[in-house]
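Chemist: Please find target-v5.txt (compact mmCIF, C-alpha atoms (C1' of nucleotides)) on the next line:
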```txt
# COMPACT_ATOMS: atom_id res chain seq x y z
CA MET A 252 18.56 17.12 0.64
CA THR A 253 15.86 19.54 -0.42
CA THR A 254 17.48 22.83 -1.35
CA PRO A 255 20.28 25.02 -0.04
CA ALA A 256 19.03 26.97 2.96
CA PRO A 257 18.21 30.59 2.15
CA PRO A 258 20.72 33.10 3.50
CA THR A 259 18.78 35.10 6.08
CA ASP A 260 16.63 33.81 8.92
CA ARG A 261 13.65 35.77 7.60
CA ARG A 262 13.84 34.05 4.25
CA ARG A 263 14.44 30.71 5.83
CA GLU A 264 11.37 31.14 7.96
CA ARG A 265 9.21 32.00 4.96
CA HIS A 266 10.61 29.07 3.08
CA LEU A 267 9.82 26.60 5.85
CA ALA A 268 6.33 28.04 6.30
CA LYS A 269 5.56 27.59 2.62
CA ARG A 270 6.99 24.10 2.74
CA ALA A 271 4.61 23.27 5.57
CA THR A 272 1.70 24.66 3.56
CA ILE A 273 2.61 22.49 0.62
CA VAL A 274 2.82 19.39 2.79
CA ALA A 275 -0.56 20.14 4.36
CA GLU A 276 -2.12 20.57 0.94
CA ALA A 277 -0.50 17.35 -0.21
CA TRP A 278 -2.30 15.49 2.58
CA THR A 279 -5.59 16.93 1.42
CA LEU A 280 -4.91 15.84 -2.11
CA ALA A 281 -3.83 12.38 -0.97
CA ARG A 282 -7.03 11.94 1.01
CA ARG A 283 -9.04 12.82 -2.08
CA ASP A 284 -7.22 10.92 -4.83
CA GLY A 285 -5.08 8.40 -3.02
CA LEU A 286 -1.51 8.65 -1.83
CA ALA A 287 0.08 7.44 -5.03
CA ALA A 288 -2.14 9.64 -7.17
CA ILE A 289 -0.95 13.03 -5.96
CA SER A 290 -0.36 15.27 -8.95
CA LEU A 291 2.32 17.92 -8.63
CA ARG A 292 0.36 20.20 -10.95
CA ASP A 293 -2.75 19.93 -8.80
CA LEU A 294 -0.65 20.49 -5.74
CA ALA A 295 1.09 23.53 -7.18
CA ASP A 296 -2.23 25.06 -8.19
CA ARG A 297 -3.53 24.73 -4.65
CA VAL A 298 -0.63 26.63 -3.15
CA GLY A 299 -0.53 29.33 -5.81
CA LEU A 300 2.50 28.07 -7.69
CA ARG A 301 3.34 26.58 -11.06
CA GLN A 302 4.38 22.97 -11.09
CA PRO A 303 8.12 23.51 -11.69
CA SER A 304 8.27 25.96 -8.77
CA LEU A 305 7.61 23.11 -6.38
CA TYR A 306 11.15 22.01 -7.08
CA ALA A 307 12.35 25.02 -5.10
CA TYR A 308 10.93 23.21 -2.06
CA PHE A 309 11.35 19.56 -2.90
CA ASP A 310 13.99 17.86 -5.01
CA SER A 311 11.53 15.31 -6.27
CA LYS A 312 8.15 13.79 -5.63
CA LEU A 313 9.79 11.23 -3.38
CA ALA A 314 11.22 14.09 -1.31
CA LEU A 315 7.67 15.33 -0.87
CA TYR A 316 6.61 11.92 0.38
CA ASP A 317 9.56 12.01 2.73
CA ALA A 318 8.42 15.33 4.19
CA MET A 319 4.92 13.93 4.59
CA PHE A 320 6.34 10.87 6.32
CA ALA A 321 8.18 13.03 8.83
CA ASP A 322 5.11 15.21 9.28
CA GLY A 323 2.83 12.26 9.93
CA ASN A 324 5.22 10.85 12.49
CA ARG A 325 5.34 14.20 14.25
CA GLN A 326 1.54 14.18 14.42
CA LEU A 327 1.80 10.71 15.92
CA ILE A 328 4.23 11.82 18.60
CA GLU A 329 2.08 14.82 19.40
CA THR A 330 -1.01 12.64 19.71
CA VAL A 331 0.45 10.08 22.09
CA SER A 332 2.23 12.79 24.07
CA ALA A 333 -1.11 14.46 24.72
CA LEU A 334 -2.48 11.34 26.44
CA PRO A 335 -3.34 11.85 30.12
CA GLU A 336 -0.96 10.43 32.70
CA HIS A 337 -1.92 7.19 34.35
CA ASP A 338 -0.87 5.63 37.63
CA ASP A 339 -1.70 2.19 36.34
CA PRO A 340 0.72 1.24 33.53
CA HIS A 341 -1.79 -1.31 32.25
CA GLU A 342 -4.44 1.37 31.80
CA ALA A 343 -1.85 3.60 30.20
CA LEU A 344 -1.16 0.86 27.68
CA VAL A 345 -4.86 0.47 26.91
CA ASP A 346 -5.10 4.21 26.34
CA LEU A 347 -2.11 4.13 24.04
CA VAL A 348 -3.43 1.30 21.89
CA GLU A 349 -6.89 2.81 21.64
CA GLU A 350 -5.40 6.12 20.64
CA LEU A 351 -3.16 4.53 18.01
CA THR A 352 -6.08 2.68 16.48
CA ARG A 353 -8.10 5.89 16.40
CA PHE A 354 -5.15 7.74 14.92
CA SER A 355 -4.91 5.31 12.03
CA ALA A 356 -8.64 5.19 11.50
CA ALA A 357 -8.76 8.96 11.34
CA ASP A 358 -6.62 9.13 8.21
CA THR A 359 -6.23 6.14 5.95
CA VAL A 360 -3.58 7.58 3.67
CA ARG A 361 -1.53 8.77 6.62
CA HIS A 362 -1.59 5.26 8.00
CA GLN A 363 -0.64 3.99 4.58
CA LEU A 364 2.40 6.22 4.28
CA LEU A 365 3.59 5.72 7.84
CA PHE A 366 3.12 1.99 8.22
CA GLN A 367 2.97 0.42 4.79
CA ARG A 368 5.60 0.31 2.09
CA THR A 369 3.39 1.23 -0.79
CA ILE A 370 5.00 3.98 -2.86
CA PRO A 371 7.45 2.49 -5.37
CA GLY A 372 10.93 3.79 -4.71
CA PHE A 373 10.10 5.60 -1.50
CA GLU A 374 12.27 5.02 1.52
CA PRO A 375 12.36 7.43 4.45
CA SER A 376 15.50 9.54 4.74
CA GLU A 377 17.67 9.21 7.82
CA GLN A 378 16.20 12.41 9.30
CA SER A 379 12.61 11.35 8.73
CA TYR A 380 13.26 7.90 10.03
CA ALA A 381 14.69 9.42 13.20
CA VAL A 382 11.26 10.92 13.91
CA ALA A 383 9.69 7.49 13.49
CA ARG A 384 12.21 6.02 15.92
CA GLU A 385 11.35 8.71 18.43
CA PHE A 386 7.75 7.54 18.41
CA TYR A 387 8.80 3.95 18.73
CA ALA A 388 10.88 4.87 21.80
CA ILE A 389 7.81 6.36 23.48
CA GLY A 390 5.89 3.14 22.96
CA GLN A 391 8.78 1.10 24.27
CA GLU A 392 8.83 3.27 27.40
CA ARG A 393 5.18 2.60 28.11
CA LEU A 394 5.70 -1.10 27.62
CA ALA A 395 8.65 -1.09 29.97
CA ALA A 396 6.49 0.59 32.60
CA ALA A 397 4.10 -2.33 32.28
CA GLY A 398 6.96 -4.74 32.78
CA VAL A 399 7.53 -5.71 29.17
CA GLY A 400 11.05 -5.66 27.81
CA GLU A 401 11.91 -8.91 26.05
CA PRO A 402 12.49 -8.43 22.29
CA GLY A 403 10.05 -11.17 21.35
CA ASP A 404 7.42 -9.65 23.63
CA LEU A 405 7.91 -6.28 21.99
CA ASP A 406 7.48 -7.86 18.56
CA LEU A 407 4.26 -9.51 19.65
CA PHE A 408 2.99 -6.18 20.90
CA THR A 409 3.78 -4.35 17.67
CA ALA A 410 2.02 -7.12 15.79
CA ILE A 411 -1.12 -6.68 17.88
CA VAL A 412 -1.17 -2.92 17.48
CA SER A 413 -0.43 -3.04 13.80
CA GLY A 414 -3.13 -5.67 13.36
CA LEU A 415 -5.79 -3.63 15.13
CA THR A 416 -4.93 -0.48 13.21
CA HIS A 417 -4.71 -2.25 9.88
CA GLN A 418 -8.02 -4.03 10.23
CA GLN A 419 -9.65 -0.82 11.39
CA VAL A 420 -8.36 1.07 8.38
CA ALA A 421 -9.00 -1.65 5.85
CA ASN A 422 -12.40 -2.92 6.91
CA ASP A 423 -14.10 -0.18 8.89
CA PRO A 424 -12.48 3.12 7.85
CA GLY A 425 -14.91 5.50 9.50
CA GLY A 426 -15.86 3.38 12.46
CA ASP A 427 -14.50 1.87 15.68
CA ARG A 428 -14.95 -1.86 15.20
CA TRP A 429 -11.34 -2.62 16.15
CA VAL A 430 -10.91 0.41 18.38
CA ARG A 431 -13.42 -1.25 20.69
CA LEU A 432 -11.24 -4.37 20.81
CA SER A 433 -8.18 -2.49 22.00
CA ARG A 434 -8.76 -3.04 25.70
CA GLN A 435 -9.40 -6.71 25.29
CA ALA A 436 -6.34 -7.04 23.10
CA VAL A 437 -4.10 -5.41 25.68
CA GLU A 438 -5.51 -7.55 28.46
CA MET A 439 -5.00 -10.64 26.36
CA TYR A 440 -1.44 -9.59 25.68
CA LEU A 441 -0.53 -8.78 29.28
CA ALA A 442 -2.05 -12.04 30.46
CA GLN A 443 0.19 -13.85 28.02
CA ILE A 444 3.27 -12.01 29.27
CA GLU A 445 2.29 -12.78 32.83
CA ARG A 446 1.77 -16.44 31.99
CA LYS A 447 5.22 -16.73 30.48
CA SER A 448 7.14 -15.12 33.34
CA PRO A 449 5.08 -14.34 36.42
CA ALA A 450 6.18 -11.08 38.02
CA GLN A 451 6.48 -10.54 41.76
CA GLN A 452 4.08 -7.60 41.86
CA SER A 453 0.57 -7.45 40.51
CA ASN A 454 -1.06 -4.52 42.30
CA MET B 293 -15.66 -7.80 -18.08
CA THR B 294 -12.50 -8.58 -20.00
CA THR B 295 -13.38 -9.51 -23.56
CA PRO B 296 -16.01 -11.62 -25.27
CA ALA B 297 -15.09 -15.27 -24.95
CA PRO B 298 -13.65 -16.74 -28.13
CA PRO B 299 -16.04 -19.06 -29.97
CA THR B 300 -14.40 -22.47 -29.76
CA ASP B 301 -13.07 -24.29 -26.70
CA ARG B 302 -9.65 -24.57 -28.31
CA ARG B 303 -9.41 -20.82 -28.76
CA ARG B 304 -10.81 -20.16 -25.33
CA GLU B 305 -8.19 -22.41 -23.81
CA ARG B 306 -5.39 -20.59 -25.62
CA HIS B 307 -6.82 -17.29 -24.58
CA LEU B 308 -6.95 -18.23 -20.91
CA ALA B 309 -3.46 -19.68 -21.01
CA LYS B 310 -2.06 -16.48 -22.45
CA ARG B 311 -3.98 -14.49 -19.88
CA ALA B 312 -2.36 -16.54 -17.15
CA THR B 313 1.06 -15.91 -18.68
CA ILE B 314 0.44 -12.19 -18.67
CA VAL B 315 -0.66 -12.23 -15.06
CA ALA B 316 2.41 -14.24 -14.06
CA GLU B 317 4.68 -11.79 -15.84
CA ALA B 318 2.87 -8.90 -14.19
CA TRP B 319 3.77 -10.37 -10.80
CA THR B 320 7.42 -10.51 -11.83
CA LEU B 321 7.32 -6.91 -12.93
CA ALA B 322 5.56 -5.86 -9.74
CA ARG B 323 8.20 -7.57 -7.63
CA ARG B 324 10.91 -5.70 -9.49
CA ASP B 325 9.44 -2.20 -9.77
CA GLY B 326 6.64 -2.12 -7.26
CA LEU B 327 2.97 -2.92 -7.67
CA ALA B 328 1.93 0.57 -8.69
CA ALA B 329 4.81 0.92 -11.13
CA ILE B 330 3.85 -1.78 -13.60
CA SER B 331 4.16 -0.46 -17.14
CA LEU B 332 1.87 -1.93 -19.76
CA ARG B 333 4.50 -1.44 -22.44
CA ASP B 334 7.07 -3.32 -20.37
CA LEU B 335 4.55 -6.01 -19.65
CA ALA B 336 3.60 -6.40 -23.30
CA ASP B 337 7.26 -6.72 -24.30
CA ARG B 338 7.79 -9.53 -21.83
CA VAL B 339 4.97 -11.64 -23.20
CA GLY B 340 5.82 -11.02 -26.84
CA LEU B 341 3.04 -8.56 -27.53
CA ARG B 342 2.65 -4.91 -28.38
CA GLN B 343 1.00 -2.71 -25.84
CA PRO B 344 -2.38 -2.34 -27.60
CA SER B 345 -2.66 -6.11 -27.87
CA LEU B 346 -2.93 -6.38 -24.11
CA TYR B 347 -6.40 -4.94 -24.51
CA ALA B 348 -7.46 -8.21 -26.11
CA TYR B 349 -6.97 -9.70 -22.62
CA PHE B 350 -7.72 -6.89 -20.21
CA ASP B 351 -10.05 -3.94 -20.56
CA SER B 352 -7.77 -1.70 -18.54
CA LYS B 353 -4.87 -1.69 -16.14
CA LEU B 354 -7.28 -1.95 -13.24
CA ALA B 355 -8.69 -5.11 -14.84
CA LEU B 356 -5.16 -6.49 -14.79
CA TYR B 357 -4.88 -5.74 -11.08
CA ASP B 358 -8.21 -7.43 -10.63
CA ALA B 359 -6.96 -10.58 -12.32
CA MET B 360 -3.84 -10.48 -10.14
CA PHE B 361 -6.01 -10.08 -7.06
CA ALA B 362 -8.03 -13.15 -7.95
CA ASP B 363 -4.86 -15.05 -8.81
CA GLY B 364 -3.21 -14.19 -5.50
CA ASN B 365 -6.27 -15.29 -3.58
CA ARG B 366 -6.32 -18.57 -5.46
CA GLN B 367 -2.69 -19.12 -4.46
CA LEU B 368 -3.74 -18.41 -0.90
CA ILE B 369 -6.54 -20.96 -0.98
CA GLU B 370 -4.23 -23.52 -2.56
CA THR B 371 -1.62 -22.92 0.13
CA VAL B 372 -3.92 -23.32 3.11
CA SER B 373 -5.72 -26.24 1.47
CA ALA B 374 -2.41 -28.07 1.20
CA LEU B 375 -1.91 -27.97 4.97
CA PRO B 376 -1.86 -31.39 6.62
CA GLU B 377 -4.94 -32.47 8.56
CA HIS B 378 -4.86 -32.18 12.32
CA ASP B 379 -6.86 -33.90 15.02
CA ASP B 380 -6.21 -31.06 17.41
CA PRO B 381 -8.03 -27.92 16.19
CA HIS B 382 -5.64 -25.77 18.22
CA GLU B 383 -2.65 -27.18 16.40
CA ALA B 384 -4.48 -26.76 13.12
CA LEU B 385 -4.92 -23.10 13.95
CA VAL B 386 -1.23 -22.70 14.74
CA ASP B 387 -0.36 -24.28 11.42
CA LEU B 388 -2.73 -21.97 9.60
CA VAL B 389 -1.36 -18.81 11.15
CA GLU B 390 2.25 -19.84 10.58
CA GLU B 391 1.48 -20.63 6.97
CA LEU B 392 -0.30 -17.33 6.43
CA THR B 393 2.61 -15.39 7.85
CA ARG B 394 5.01 -17.30 5.63
CA PHE B 395 2.76 -16.74 2.65
CA SER B 396 2.83 -13.00 3.11
CA ALA B 397 6.54 -12.91 3.81
CA ALA B 398 7.20 -14.83 0.61
CA ASP B 399 5.86 -12.08 -1.63
CA THR B 400 5.56 -8.51 -0.42
CA VAL B 401 3.69 -7.12 -3.40
CA ARG B 402 1.23 -9.99 -3.34
CA HIS B 403 0.53 -9.23 0.29
CA GLN B 404 0.16 -5.60 -0.66
CA LEU B 405 -2.41 -6.24 -3.37
CA LEU B 406 -4.39 -8.81 -1.38
CA PHE B 407 -4.53 -7.13 2.00
CA GLN B 408 -3.86 -3.44 1.58
CA ARG B 409 -5.85 -0.87 -0.36
CA THR B 410 -2.95 0.76 -2.10
CA ILE B 411 -3.72 1.15 -5.80
CA PRO B 412 -5.75 4.33 -6.38
CA GLY B 413 -9.07 3.45 -7.96
CA PHE B 414 -8.71 -0.29 -7.66
CA GLU B 415 -11.52 -2.26 -6.14
CA PRO B 416 -11.92 -6.00 -6.64
CA SER B 417 -14.72 -7.07 -8.94
CA GLU B 418 -17.51 -9.20 -7.58
CA GLN B 419 -15.98 -12.34 -9.08
CA SER B 420 -12.53 -11.67 -7.68
CA TYR B 421 -13.91 -10.76 -4.31
CA ALA B 422 -15.76 -14.05 -4.25
CA VAL B 423 -12.41 -15.84 -4.31
CA ALA B 424 -11.28 -13.77 -1.34
CA ARG B 425 -14.44 -14.68 0.53
CA GLU B 426 -13.80 -18.33 -0.19
CA PHE B 427 -10.49 -18.08 1.62
CA TYR B 428 -12.06 -16.22 4.51
CA ALA B 429 -14.63 -19.02 4.84
CA ILE B 430 -11.85 -21.57 5.20
CA GLY B 431 -10.33 -19.59 8.03
CA GLN B 432 -13.69 -19.22 9.71
CA GLU B 433 -14.17 -22.98 9.51
CA ARG B 434 -10.90 -23.64 11.28
CA LEU B 435 -11.78 -21.16 13.95
CA ALA B 436 -15.19 -22.75 14.47
CA ALA B 437 -13.46 -26.11 14.93
CA ALA B 438 -11.48 -24.52 17.73
CA GLY B 439 -14.68 -23.27 19.31
CA VAL B 440 -14.52 -19.68 18.15
CA GLY B 441 -17.59 -18.12 16.61
CA GLU B 442 -18.44 -14.81 18.23
CA PRO B 443 -18.08 -11.89 15.76
CA GLY B 444 -15.87 -9.91 18.13
CA ASP B 445 -13.66 -12.95 18.63
CA LEU B 446 -13.32 -13.36 14.89
CA ASP B 447 -12.32 -9.72 14.55
CA LEU B 448 -9.67 -10.12 17.21
CA PHE B 449 -8.31 -13.11 15.38
CA THR B 450 -8.12 -11.35 12.03
CA ALA B 451 -6.33 -8.50 13.78
CA ILE B 452 -3.71 -10.85 15.18
CA VAL B 453 -3.10 -12.58 11.88
CA SER B 454 -3.01 -9.35 9.92
CA GLY B 455 -0.63 -7.91 12.51
CA LEU B 456 1.80 -10.81 12.32
CA THR B 457 1.81 -10.84 8.54
CA HIS B 458 2.12 -7.09 8.24
CA GLN B 459 5.01 -6.82 10.66
CA GLN B 460 6.74 -9.73 8.96
CA VAL B 461 6.41 -8.10 5.56
CA ALA B 462 7.26 -4.60 6.67
CA ASN B 463 10.13 -5.22 9.04
CA ASP B 464 11.68 -8.56 8.17
CA PRO B 465 10.76 -9.30 4.54
CA GLY B 466 13.04 -12.26 3.96
CA GLY B 467 13.03 -13.67 7.48
CA ASP B 468 10.82 -15.34 10.04
CA ARG B 469 10.86 -12.97 13.01
CA TRP B 470 7.07 -12.91 13.27
CA VAL B 471 6.53 -16.35 11.81
CA ARG B 472 8.21 -17.66 14.93
CA LEU B 473 5.69 -15.80 17.09
CA SER B 474 2.69 -17.44 15.44
CA ARG B 475 2.33 -20.26 17.92
CA GLN B 476 2.58 -17.99 20.90
CA ALA B 477 0.08 -15.61 19.35
CA VAL B 478 -2.47 -18.38 18.79
CA GLU B 479 -2.02 -19.70 22.33
CA MET B 480 -2.43 -16.20 23.68
CA TYR B 481 -5.58 -15.78 21.65
CA LEU B 482 -7.17 -19.09 22.61
CA ALA B 483 -6.39 -18.47 26.27
CA GLN B 484 -8.23 -15.17 26.02
CA ILE B 485 -11.25 -16.83 24.42
CA GLU B 486 -11.25 -19.48 27.10
CA ARG B 487 -10.99 -16.84 29.83
CA LYS B 488 -14.02 -15.01 28.49
CA SER B 489 -16.33 -18.00 28.17
CA PRO B 490 -14.98 -21.25 29.57
CA ALA B 491 -16.03 -24.18 27.39
CA GLN B 492 -17.23 -27.53 28.73
CA GLN B 493 -14.62 -29.54 26.86
CA SER B 494 -10.89 -28.99 26.74
CA ASN B 495 -9.45 -32.26 25.48
C1' DG C 219 -5.88 -11.73 -32.37
C1' DT C 220 -2.24 -9.15 -33.46
C1' DC C 221 -0.19 -5.75 -35.69
C1' DT C 222 1.22 -0.57 -37.05
C1' DA C 223 0.19 3.87 -36.41
C1' DT C 224 -1.52 7.39 -34.05
C1' DA C 225 -3.82 10.23 -30.92
C1' DC C 226 -4.60 12.44 -26.34
C1' DA C 227 -4.06 13.76 -21.64
C1' DT C 228 -1.16 13.50 -17.87
C1' DC C 229 2.88 12.96 -15.47
C1' DG C 230 7.71 14.00 -13.23
C1' DA C 231 11.54 16.59 -14.34
C1' DT C 232 14.86 20.05 -16.45
C1' DA C 233 16.72 24.29 -18.95
C1' DG C 234 17.06 28.82 -18.96
C1' DA C 235 15.14 33.64 -18.75
C1' DC C 236 13.90 37.06 -15.35
C1' DG D 115 12.10 31.85 -6.38
C1' DT D 116 9.20 31.85 -9.93
C1' DC D 117 8.21 31.69 -14.40
C1' DT D 118 7.61 29.70 -19.52
C1' DA D 119 8.69 26.20 -22.44
C1' DT D 120 9.77 21.77 -23.27
C1' DC D 121 11.21 16.91 -22.74
C1' DG D 122 10.45 11.96 -22.46
C1' DA D 123 7.55 8.58 -20.64
C1' DT D 124 3.29 6.98 -19.23
C1' DG D 125 -1.76 5.06 -19.46
C1' DT D 126 -5.54 4.98 -22.36
C1' DA D 127 -7.79 4.32 -26.47
C1' DT D 128 -8.98 3.89 -31.40
C1' DA D 129 -8.63 3.02 -36.51
C1' DG D 130 -7.64 -0.01 -39.80
C1' DA D 131 -4.63 -3.60 -42.25
C1' DC D 132 -3.71 -8.54 -42.16
```
What would the structure in this file look like if it were written as structure tokens?
Modeler:
Amino acid sequence: MTTPAPPTDRRRERHLAKRATIVAEAWTLARRDGLAAISLRDLADRVGLRQPSLYAYFDSKLALYDAMFADGNRQLIETVSALPEHDDPHEALVDLVEELTRFSAADTVRHQLLFQRTIPGFEPSEQSYAVAREFYAIGQERLAAAGVGEPGDLDLFTAIVSGLTHQQVANDPGGDRWVRLSRQAVEMYLAQIERKSPAQQSN
Amino acid sequence: MTTPAPPTDRRRERHLAKRATIVAEAWTLARRDGLAAISLRDLADRVGLRQPSLYAYFDSKLALYDAMFADGNRQLIETVSALPEHDDPHEALVDLVEELTRFSAADTVRHQLLFQRTIPGFEPSEQSYAVAREFYAIGQERLAAAGVGEPGDLDLFTAIVSGLTHQQVANDPGGDRWVRLSRQAVEMYLAQIERKSPAQQSN
DNA sequence: GTCTATACATCGATAGAC
DNA sequence: GTCTATCGATGTATAGAC
């Protein structure tokens, strides 16, 4: 996909390290100029290379976006994995939603790449998409712990989360206007689930 | 902003008509290649002009995006204005949300330009933004009719609508997976409002 | 208003030497 | 792997004829 793997482990390690540096610098550039406005010449300069040399690490600009997509999703997994354990699955869900809204608010272009289809021609590769699915599975787990499993209920939940994050990013980039609504949104959602099919427990 | 208005009404009319044609063709191009991938040379070809002649209608590419932004918002206002009247403000709200989700699903790039900040450097002009505010006012009116007025409650509502539309566009572009959830989402929302501050009436 | 012609800077991408 | 050199295409803009 990107380039034939170098022969020795040493070389391979160096190669991957440099690749990571390039991706990190690409995020910086994207934050400054916009995601679609990343210039490969600028990027190369910032990592001590000439523009054509980038092609030793990425087959194309879209391949760079793909690496950023995978990277952003790994950050997402790391972030939600670091959340403290909770006995109460409802509270755990509130924590999750608040954290996701903060995560998006913290980096507009990251949110843009991960959750919006905005770069013409870009579609995540199978490998990168697998990382995204891994995150989705974590969310699904938390929902299941709160007693939510119906497909339609899951869709409603993703809509709520995506709505909070999107509004936060679009209308209050630095702030917490929609972060503060996370708890209420989760309570509203769980009440709706409960209303539809009352569970036996409610401790 | 764009070009000094032609002297006579006849000329002005022609000018505006051609401008509208260009904008319409720009939408077609955006749907085919992506919003950020519109080429002014392509666009000029499609309206029977040479590329420099486009500058008789738009000062820059960003000015073209601005015209598209205003155009899309006018379509939005037209769409929600065409909704049938309703005695029940709750039902009117359901209709509105369903229609908004359908509207977004019907044209991904239009949704992208209207509701996501995706084009580097683009920011709506004051005039274009006024059209967007006009639409927002309509929505606010409908909400007020349903007894919703608190700022936080409005924010929660915009999050729900933006979530439904975004998920519909991103994960089921041609379909109605989230359109079908609109009614449930509105009922969930109104129940939450009612729970917070029970109203005197409930007819 | 529209054209031809032209200019400039920038861009992603490739060829080929080392 | 990295370089130089170069390609074709792009957006932007202007001059000047008609």
Chemist: Pick out the chain B residues within 12 Å of chain D. Count all atoms listed in the file. Give them as a ChimeraX atom specification.
Modeler: /B:329-334,343-347,351-354
Chemist: Got a sec: who's within 9 Å of A:Ala321, counting only C-alpha atoms (C1' of nucleotides), leaving out chain neighbours fewer than 4 positions off, as a ChimeraX atom specification?
Modeler: /A:316-317,325-326,365,375,378-383
Chemist: Pick out the residues sitting within 7 Å of stretch 306-322 of chain B, and hand them over as a PDB file with C-alpha atoms, in the coordinates of the input; count only C-alpha atoms (C1' of nucleotides), and ignore anything fewer than 4 positions along from it in its own chain.
Modeler:
```pdb
ATOM      1  CA  ARG B 302      -9.650 -24.570 -28.310  1.00  0.00           C
ATOM      2  CA  GLY B 326       6.640  -2.120  -7.260  1.00  0.00           C
ATOM      3  CA  LEU B 327       2.970  -2.920  -7.670  1.00  0.00           C
ATOM      4  CA  ALA B 329       4.810   0.920 -11.130  1.00  0.00           C
ATOM      5  CA  ILE B 330       3.850  -1.780 -13.600  1.00  0.00           C
ATOM      6  CA  LEU B 335       4.550  -6.010 -19.650  1.00  0.00           C
ATOM      7  CA  VAL B 339       4.970 -11.640 -23.200  1.00  0.00           C
ATOM      8  CA  TYR B 349      -6.970  -9.700 -22.620  1.00  0.00           C
ATOM      9  CA  MET B 360      -3.840 -10.480 -10.140  1.00  0.00           C
ATOM     10  CA  VAL B 401       3.690  -7.120  -3.400  1.00  0.00           C
TER      11      VAL B 401
END
```
Chemist: Choose the residue, out of A:Phe320, A:Thr416, A:Phe309, A:Arg263, that has the smallest atom-to-atom separation from A:Arg368; count only C-alpha atoms.
Modeler: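 Closest candidate: A:Phe320.
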Chemist: For a test of reading the model, state the distance in Å between atom CA of B:Thr450 and atom CA of A:Phe408, rounded to one decimal.
Modeler: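 Pair atom CA of B:Thr450 / atom CA of A:Phe408 returns 15.1 Å.
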Chemist: Please, what distance in Å, to one decimal, runs between atom CA of A:Trp429 and atom CA of A:Ala356?
Modeler: 9.5 Å
Chemist: Could you tell me which residues of chain C sit within 12 Å of chain A when counting all atoms listed in the file, and give me the result as a VMD selection string?
Modeler: chain C and resid 228 to 233
Chemist: Calculated over only C-alpha atoms, which of the candidates B:Arg472, B:Arg303, B:His378, B:Arg342 has the smallest distance to chain A?
Modeler: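 Looking only at the distances to chain A, the closest residue turns out to be B:Arg472.
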Chemist: Using all atoms listed in the file, which residues of chain A come within 8 Å of chain B, and what is the closest atom pair for each, with the distance in Å to one decimal? Give it as a tab-separated table, sorted by chain and residue number.
Modeler:
```
residue	atom	partner	partner_atom	distance
A:Asp284	CA	B:Pro412	CA	6.9
A:Gly285	CA	B:Pro412	CA	5.3
A:Leu286	CA	B:Pro412	CA	7.6
A:Ala287	CA	B:Pro412	CA	6.7
A:Ala288	CA	B:Pro412	CA	6.5
A:Gln363	CA	B:Thr410	CA	7.8
A:Phe366	CA	B:Ala462	CA	7.9
A:Gln367	CA	B:Ala462	CA	6.9
A:Arg368	CA	B:Ala462	CA	6.9
A:Thr369	CA	B:Thr410	CA	6.5
A:Ile370	CA	B:Ala328	CA	7.4
A:Pro371	CA	B:Gly326	CA	5.0
A:Gly372	CA	B:Gly326	CA	7.7
A:Gly403	CA	B:Leu473	CA	7.7
A:Asp406	CA	B:Trp470	CA	7.3
A:Leu407	CA	B:Leu473	CA	6.9
A:Thr409	CA	B:Gln459	CA	7.5
A:Ala410	CA	B:Gly455	CA	4.3
A:Ile411	CA	B:Gly455	CA	5.5
A:Val412	CA	B:Gly455	CA	7.1
A:Ser413	CA	B:Gly455	CA	5.0
A:Gly414	CA	B:Gly455	CA	3.5
A:Leu415	CA	B:Ala451	CA	5.1
A:His417	CA	B:Ser454	CA	7.3
A:Gln418	CA	B:Ala451	CA	6.0
A:Ala421	CA	B:Gln408	CA	6.9
A:Trp429	CA	B:Asp447	CA	7.3
A:Leu432	CA	B:Leu448	CA	7.0
A:Ala436	CA	B:Leu448	CA	7.4
A:Met439	CA	B:Gln484	CA	5.6
A:Tyr440	CA	B:Met480	CA	7.0
A:Ala442	CA	B:Met480	CA	8.0
A:Gln443	CA	B:Met480	CA	5.6
```
